[in-house]
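Structure data (TSV, N, CA and C atoms) from model_8.tsv:
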chain	number	residue	atom	x	y	z
A	1	MET	N	19.28	48.53	62.47
A	1	MET	CA	19.86	49.06	63.68
A	1	MET	C	21.00	50.00	63.28
A	2	ALA	N	21.05	51.20	63.89
A	2	ALA	CA	22.07	52.20	63.56
A	2	ALA	C	23.37	51.86	64.29
A	3	PRO	N	24.52	52.14	63.63
A	3	PRO	CA	25.80	51.86	64.29
A	3	PRO	C	25.99	52.78	65.50
A	4	GLU	N	26.55	52.21	66.56
A	4	GLU	CA	26.79	53.00	67.76
A	4	GLU	C	28.06	53.82	67.57
A	5	SER	N	28.03	55.06	68.05
A	5	SER	CA	29.23	55.89	67.97
A	5	SER	C	29.72	56.17	69.39
A	6	GLY	N	31.01	56.56	69.49
A	6	GLY	CA	31.58	56.83	70.80
A	6	GLY	C	32.76	55.91	71.07
A	7	PHE	N	33.27	56.00	72.26
A	7	PHE	CA	34.45	55.22	72.64
A	7	PHE	C	34.06	54.13	73.61
A	8	THR	N	34.79	53.05	73.54
A	8	THR	CA	34.57	51.97	74.50
A	8	THR	C	35.33	52.30	75.77
A	9	ILE	N	34.98	51.60	76.81
A	9	ILE	CA	35.66	51.81	78.10
A	9	ILE	C	37.14	51.49	77.99
A	10	VAL	N	37.50	50.51	77.19
A	10	VAL	CA	38.91	50.14	77.01
A	10	VAL	C	39.67	51.29	76.35
A	11	GLU	N	39.08	51.91	75.35
A	11	GLU	CA	39.73	53.03	74.68
A	11	GLU	C	39.92	54.22	75.62
A	12	ILE	N	38.94	54.48	76.44
A	12	ILE	CA	39.04	55.58	77.40
A	12	ILE	C	40.13	55.31	78.43
A	13	VAL	N	40.18	54.07	78.94
A	13	VAL	CA	41.21	53.71	79.92
A	13	VAL	C	42.60	53.81	79.30
A	14	MET	N	42.75	53.35	78.07
A	14	MET	CA	44.05	53.42	77.40
A	14	MET	C	44.47	54.89	77.17
A	15	ALA	N	43.54	55.73	76.75
A	15	ALA	CA	43.85	57.15	76.55
A	15	ALA	C	44.26	57.80	77.87
A	16	ALA	N	43.55	57.48	78.94
A	16	ALA	CA	43.87	58.03	80.25
A	16	ALA	C	45.26	57.57	80.71
A	17	ALA	N	45.58	56.31	80.45
A	17	ALA	CA	46.89	55.79	80.83
A	17	ALA	C	48.01	56.50	80.07
A	18	ILE	N	47.81	56.72	78.79
A	18	ILE	CA	48.82	57.41	77.98
A	18	ILE	C	48.99	58.85	78.47
A	19	ILE	N	47.89	59.52	78.73
A	19	ILE	CA	47.97	60.90	79.25
A	19	ILE	C	48.68	60.92	80.60
A	20	ALA	N	48.41	59.97	81.46
A	20	ALA	CA	49.05	59.91	82.77
A	20	ALA	C	50.56	59.68	82.64
A	21	ILE	N	50.97	58.82	81.73
A	21	ILE	CA	52.40	58.56	81.53
A	21	ILE	C	53.11	59.82	81.02
A	22	VAL	N	52.50	60.50	80.06
A	22	VAL	CA	53.09	61.74	79.53
A	22	VAL	C	53.15	62.80	80.62
A	23	ALA	N	52.09	62.94	81.40
A	23	ALA	CA	52.06	63.94	82.48
A	23	ALA	C	53.11	63.64	83.53
A	24	ALA	N	53.30	62.37	83.86
A	24	ALA	CA	54.32	62.00	84.84
A	24	ALA	C	55.71	62.37	84.34
A	25	GLY	N	55.97	62.15	83.06
A	25	GLY	CA	57.26	62.52	82.49
A	25	GLY	C	57.50	64.02	82.53
A	26	VAL	N	56.47	64.79	82.20
A	26	VAL	CA	56.59	66.25	82.22
A	26	VAL	C	56.80	66.74	83.65
A	27	LEU	N	56.04	66.24	84.60
A	27	LEU	CA	56.19	66.65	86.00
A	27	LEU	C	57.55	66.26	86.55
A	28	SER	N	58.05	65.10	86.16
A	28	SER	CA	59.37	64.67	86.60
A	28	SER	C	60.45	65.62	86.07
A	29	SER	N	60.32	66.02	84.81
A	29	SER	CA	61.28	66.96	84.23
A	29	SER	C	61.24	68.30	84.93
A	30	ILE	N	60.06	68.79	85.24
A	30	ILE	CA	59.92	70.06	85.95
A	30	ILE	C	60.54	69.95	87.35
A	31	SER	N	60.29	68.85	88.03
A	31	SER	CA	60.85	68.64	89.36
A	31	SER	C	62.38	68.60	89.32
A	32	MET	N	62.94	67.90	88.37
A	32	MET	CA	64.40	67.82	88.25
A	32	MET	C	64.99	69.19	87.91
A	33	ALA	N	64.33	69.95	87.07
A	33	ALA	CA	64.80	71.30	86.74
A	33	ALA	C	64.78	72.19	87.97
A	34	TYR	N	63.74	72.07	88.79
A	34	TYR	CA	63.67	72.86	90.03
A	34	TYR	C	64.82	72.50	90.96
A	35	LEU	N	65.07	71.21	91.15
A	35	LEU	CA	66.15	70.79	92.03
A	35	LEU	C	67.51	71.26	91.52
A	36	ALA	N	67.74	71.18	90.22
A	36	ALA	CA	69.00	71.64	89.65
A	36	ALA	C	69.15	73.15	89.84
A	37	ASP	N	68.07	73.89	89.66
A	37	ASP	CA	68.13	75.34	89.85
A	37	ASP	C	68.40	75.68	91.31
A	38	ARG	N	67.76	74.97	92.21
A	38	ARG	CA	67.97	75.23	93.65
A	38	ARG	C	69.40	74.91	94.05
A	39	THR	N	69.93	73.79	93.57
A	39	THR	CA	71.31	73.42	93.90
A	39	THR	C	72.28	74.46	93.34
A	40	SER	N	72.02	74.92	92.13
A	40	SER	CA	72.87	75.94	91.53
A	40	SER	C	72.83	77.24	92.34
A	41	THR	N	71.65	77.65	92.74
A	41	THR	CA	71.50	78.86	93.55
A	41	THR	C	72.20	78.70	94.90
A	42	ASP	N	72.04	77.54	95.52
A	42	ASP	CA	72.71	77.28	96.80
A	42	ASP	C	74.22	77.29	96.65
A	43	LEU	N	74.72	76.74	95.55
A	43	LEU	CA	76.17	76.72	95.33
A	43	LEU	C	76.71	78.13	95.16
A	44	ILE	N	76.01	78.97	94.43
A	44	ILE	CA	76.44	80.36	94.26
A	44	ILE	C	76.44	81.08	95.61
A	45	THR	N	75.41	80.85	96.41
A	45	THR	CA	75.34	81.47	97.74
A	45	THR	C	76.49	80.98	98.61
A	46	ALA	N	76.79	79.68	98.56
A	46	ALA	CA	77.90	79.13	99.35
A	46	ALA	C	79.23	79.73	98.89
A	47	GLN	N	79.42	79.88	97.59
A	47	GLN	CA	80.66	80.47	97.08
A	47	GLN	C	80.80	81.93	97.51
A	48	ASN	N	79.71	82.66	97.50
A	48	ASN	CA	79.75	84.04	97.98
A	48	ASN	C	80.08	84.10	99.46
A	49	PHE	N	79.51	83.18	100.23
A	49	PHE	CA	79.77	83.14	101.67
A	49	PHE	C	81.23	82.80	101.95
A	50	VAL	N	81.78	81.80	101.24
A	50	VAL	CA	83.18	81.45	101.46
A	50	VAL	C	84.09	82.61	101.07
A	51	ARG	N	83.72	83.34	100.02
A	51	ARG	CA	84.50	84.52	99.60
A	51	ARG	C	84.47	85.59	100.69
A	52	GLU	N	83.31	85.83	101.29
A	52	GLU	CA	83.20	86.81	102.37
A	52	GLU	C	84.07	86.43	103.56
A	53	VAL	N	84.04	85.14	103.92
A	53	VAL	CA	84.84	84.69	105.06
A	53	VAL	C	86.33	84.85	104.76
A	54	VAL	N	86.76	84.48	103.57
A	54	VAL	CA	88.18	84.61	103.20
A	54	VAL	C	88.59	86.08	103.22
A	55	GLU	N	87.74	86.95	102.71
A	55	GLU	CA	88.06	88.38	102.72
A	55	GLU	C	88.19	88.90	104.15
A	56	SER	N	87.34	88.44	105.05
A	56	SER	CA	87.45	88.89	106.44
A	56	SER	C	88.70	88.32	107.10
A	57	VAL	N	89.09	87.11	106.72
A	57	VAL	CA	90.32	86.52	107.27
A	57	VAL	C	91.55	87.28	106.77
A	58	GLU	N	91.51	87.68	105.51
A	58	GLU	CA	92.67	88.37	104.92
A	58	GLU	C	92.95	89.72	105.55
A	59	VAL	N	91.94	90.34	106.15
A	59	VAL	CA	92.18	91.63	106.82
A	59	VAL	C	92.42	91.46	108.32
A	60	THR	N	92.42	90.23	108.79
A	60	THR	CA	92.72	89.95	110.19
A	60	THR	C	94.23	90.11	110.41
A	61	PRO	N	94.62	90.74	111.51
A	61	PRO	CA	96.06	90.86	111.79
A	61	PRO	C	96.73	89.48	111.81
A	62	PHE	N	97.94	89.42	111.28
A	62	PHE	CA	98.65	88.15	111.14
A	62	PHE	C	98.77	87.41	112.47
A	63	ASP	N	99.04	88.12	113.53
A	63	ASP	CA	99.22	87.49	114.86
A	63	ASP	C	97.93	86.86	115.38
A	64	ALA	N	96.77	87.29	114.88
A	64	ALA	CA	95.50	86.76	115.37
A	64	ALA	C	94.96	85.63	114.50
A	65	LEU	N	95.64	85.30	113.40
A	65	LEU	CA	95.11	84.29	112.48
A	65	LEU	C	95.05	82.89	113.09
A	66	LEU	N	96.07	82.50	113.82
A	66	LEU	CA	96.08	81.14	114.38
A	66	LEU	C	94.91	80.90	115.34
A	67	ALA	N	94.41	81.96	115.96
A	67	ALA	CA	93.28	81.83	116.87
A	67	ALA	C	91.99	81.48	116.12
A	68	LEU	N	91.97	81.68	114.81
A	68	LEU	CA	90.77	81.37	114.02
A	68	LEU	C	90.63	79.87	113.72
A	69	ASP	N	91.67	79.09	114.01
A	69	ASP	CA	91.63	77.66	113.71
A	69	ASP	C	90.46	76.99	114.43
A	70	GLY	N	89.64	76.28	113.67
A	70	GLY	CA	88.50	75.57	114.23
A	70	GLY	C	87.26	76.44	114.43
A	71	SER	N	87.35	77.70	114.07
A	71	SER	CA	86.17	78.56	114.26
A	71	SER	C	85.11	78.26	113.20
A	72	THR	N	83.88	78.51	113.56
A	72	THR	CA	82.76	78.29	112.64
A	72	THR	C	81.89	79.53	112.59
A	73	LEU	N	81.27	79.73	111.46
A	73	LEU	CA	80.32	80.82	111.27
A	73	LEU	C	79.04	80.24	110.69
A	74	ASN	N	77.92	80.85	111.02
A	74	ASN	CA	76.64	80.40	110.49
A	74	ASN	C	75.96	81.58	109.82
A	75	ASP	N	75.49	81.36	108.60
A	75	ASP	CA	74.76	82.38	107.87
A	75	ASP	C	73.46	81.76	107.36
A	76	GLY	N	72.52	81.59	108.25
A	76	GLY	CA	71.26	80.97	107.87
A	76	GLY	C	71.44	79.48	107.59
A	77	ARG	N	71.29	79.08	106.34
A	77	ARG	CA	71.39	77.67	105.97
A	77	ARG	C	72.82	77.24	105.67
A	78	PHE	N	73.78	78.15	105.79
A	78	PHE	CA	75.16	77.84	105.41
A	78	PHE	C	76.09	77.95	106.62
A	79	ASN	N	76.98	76.96	106.73
A	79	ASN	CA	77.96	76.93	107.81
A	79	ASN	C	79.36	76.97	107.23
A	80	ALA	N	80.21	77.80	107.82
A	80	ALA	CA	81.61	77.89	107.39
A	80	ALA	C	82.50	77.40	108.52
A	81	ALA	N	83.46	76.54	108.17
A	81	ALA	CA	84.45	76.05	109.13
A	81	ALA	C	85.83	76.49	108.65
A	82	THR	N	86.64	76.99	109.58
A	82	THR	CA	87.95	77.53	109.25
A	82	THR	C	89.04	76.66	109.84
A	83	SER	N	90.03	76.37	109.01
A	83	SER	CA	91.20	75.62	109.45
A	83	SER	C	92.43	76.46	109.14
A	84	VAL	N	93.24	76.71	110.17
A	84	VAL	CA	94.42	77.56	110.01
A	84	VAL	C	95.66	76.74	110.37
A	85	THR	N	96.67	76.78	109.47
A	85	THR	CA	97.89	76.01	109.67
A	85	THR	C	99.10	76.92	109.45
A	86	LEU	N	100.04	76.86	110.37
A	86	LEU	CA	101.30	77.58	110.20
A	86	LEU	C	102.17	76.77	109.25
A	87	VAL	N	102.44	77.30	108.08
A	87	VAL	CA	103.23	76.60	107.07
A	87	VAL	C	104.70	76.75	107.38
A	88	SER	N	105.12	77.97	107.63
A	88	SER	CA	106.49	78.27	108.03
A	88	SER	C	106.46	79.62	108.73
A	89	VAL	N	107.58	80.05	109.23
A	89	VAL	CA	107.62	81.33	109.93
A	89	VAL	C	107.18	82.42	108.96
A	90	GLY	N	106.14	83.12	109.33
A	90	GLY	CA	105.65	84.22	108.51
A	90	GLY	C	104.69	83.81	107.41
A	91	LEU	N	104.27	82.54	107.37
A	91	LEU	CA	103.35	82.09	106.32
A	91	LEU	C	102.28	81.17	106.92
A	92	ILE	N	101.03	81.53	106.71
A	92	ILE	CA	99.90	80.77	107.26
A	92	ILE	C	98.98	80.36	106.13
A	93	ARG	N	98.51	79.10	106.21
A	93	ARG	CA	97.54	78.56	105.25
A	93	ARG	C	96.18	78.56	105.92
A	94	VAL	N	95.19	79.17	105.26
A	94	VAL	CA	93.83	79.23	105.79
A	94	VAL	C	92.91	78.52	104.81
A	95	GLU	N	92.16	77.56	105.34
A	95	GLU	CA	91.18	76.83	104.53
A	95	GLU	C	89.80	77.09	105.12
A	96	VAL	N	88.88	77.51	104.26
A	96	VAL	CA	87.51	77.78	104.68
A	96	VAL	C	86.59	76.87	103.87
A	97	GLY	N	85.81	76.07	104.56
A	97	GLY	CA	84.84	75.18	103.91
A	97	GLY	C	83.43	75.59	104.28
A	98	VAL	N	82.58	75.66	103.28
A	98	VAL	CA	81.18	76.04	103.51
A	98	VAL	C	80.28	74.90	103.06
A	99	THR	N	79.31	74.56	103.90
A	99	THR	CA	78.32	73.55	103.57
A	99	THR	C	76.92	74.13	103.76
A	100	CYS	N	75.98	73.53	103.07
A	100	CYS	CA	74.58	73.92	103.19
A	100	CYS	C	73.89	72.90	104.09
A	101	THR	N	73.15	73.39	105.07
A	101	THR	CA	72.56	72.48	106.05
A	101	THR	C	71.45	71.60	105.49
A	102	ASP	N	70.74	72.08	104.46
A	102	ASP	CA	69.61	71.30	103.95
A	102	ASP	C	69.79	70.84	102.50
A	103	ASN	N	71.02	71.00	101.97
A	103	ASN	CA	71.31	70.50	100.63
A	103	ASN	C	72.73	69.94	100.66
A	104	LEU	N	72.85	68.66	100.92
A	104	LEU	CA	74.16	68.04	101.11
A	104	LEU	C	75.00	67.99	99.84
A	105	ASP	N	74.39	68.28	98.69
A	105	ASP	CA	75.15	68.34	97.44
A	105	ASP	C	75.96	69.62	97.32
A	106	VAL	N	75.72	70.56	98.22
A	106	VAL	CA	76.37	71.87	98.13
A	106	VAL	C	77.45	71.99	99.20
A	107	ASN	N	78.68	72.10	98.74
A	107	ASN	CA	79.80	72.43	99.61
A	107	ASN	C	80.90	73.02	98.75
A	108	THR	N	81.64	73.93	99.33
A	108	THR	CA	82.72	74.58	98.60
A	108	THR	C	83.84	74.93	99.57
A	109	THR	N	85.05	75.00	99.06
A	109	THR	CA	86.22	75.26	99.90
A	109	THR	C	87.11	76.29	99.22
A	110	ALA	N	87.68	77.14	100.02
A	110	ALA	CA	88.67	78.10	99.52
A	110	ALA	C	89.91	78.00	100.40
A	111	ILE	N	91.06	78.06	99.77
A	111	ILE	CA	92.34	78.01	100.49
A	111	ILE	C	93.14	79.24	100.10
A	112	THR	N	93.72	79.88	101.10
A	112	THR	CA	94.56	81.04	100.83
A	112	THR	C	95.80	80.98	101.72
A	113	LEU	N	96.88	81.52	101.21
A	113	LEU	CA	98.11	81.65	101.97
A	113	LEU	C	98.27	83.12	102.34
A	114	ILE	N	98.58	83.35	103.60
A	114	ILE	CA	98.75	84.73	104.07
A	114	ILE	C	100.15	84.86	104.65
A	115	ALA	N	100.86	85.86	104.15
A	115	ALA	CA	102.22	86.12	104.61
A	115	ALA	C	102.23	87.28	105.60
A	116	ASP	N	103.12	87.20	106.56
A	116	ASP	CA	103.30	88.29	107.52
A	116	ASP	C	103.98	89.45	106.81
A	117	ARG	N	103.33	90.59	106.83
A	117	ARG	CA	103.87	91.75	106.10
A	117	ARG	C	104.87	92.54	106.91
A	118	ASP	N	105.01	92.20	108.17
A	118	ASP	CA	105.95	92.95	109.04
A	118	ASP	C	107.34	92.44	108.93

If you convert what's in this file into structure tokens, what do you get?
Amino acid sequence: MAPESGFTIVEIVMAAAIIAIVAAGVLSSISMAYLADRTSTDLITAQNFVREVVESVEVTPFDALLALDGSTLNDGRFNAATSVTLVSVGLIRVEVGVTCTDNLDVNTTAITLIADRD
């Protein structure tokens, strides 16, 4: 009788299990890399948005700054909230916080002091 060649069902199942475990690890790594890249991109977008809002606040006339307290802006997936505080006569503190509506890991804040130039 000639020896049989080929793989047993146990060997095939074990090989398939090993391949599945390796594939799951690779897919998990790809998924985590995608999420990290998306969070990084969202954070850069949020920082740019907060910078835009601060720049627009800085060119606002000093007398109109206190009216911005509690105002919000929406830029697609990003929301900016503004808090304005009178620090002393002629000096106002403006805080702008930006959050991402669908990525709660992304938020950034900028604080600036604005002095009355008059």

Ranking A:Val87, A:Ile92, A:Val26, A:Leu73 by minimum distance to Pro61 (chain A) and counting only C-alpha atoms, which one comes first?
A:Ile92

Out of A:Glu11, A:Asp69, A:Asp75, A:Asp105, which residue has the shortest atom-to-atom distance to Thr39 (chain A) when counting all atoms listed in the file?
A:Asp105

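Atom N of Asp63 (chain A) to atom N of Thr108 (chain A) spans 26.6 Å [interatomic distance, one decimal].
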
Counting only C-alpha atoms, which residue out of A:Leu104, A:Leu43, A:Ala110, A:Ile18 sits closest to Val57 (chain A)?
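Looking only at the distances to Val57 (chain A), the closest residue turns out to be A:Ala110.
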
With distances taken over only C-alpha atoms, which of A:Thr41, A:Asn79, A:Ser28, A:Thr112 is nearest to Ser56 (chain A)?
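For Ser56 (chain A), the nearest of the given residues is A:Thr112.
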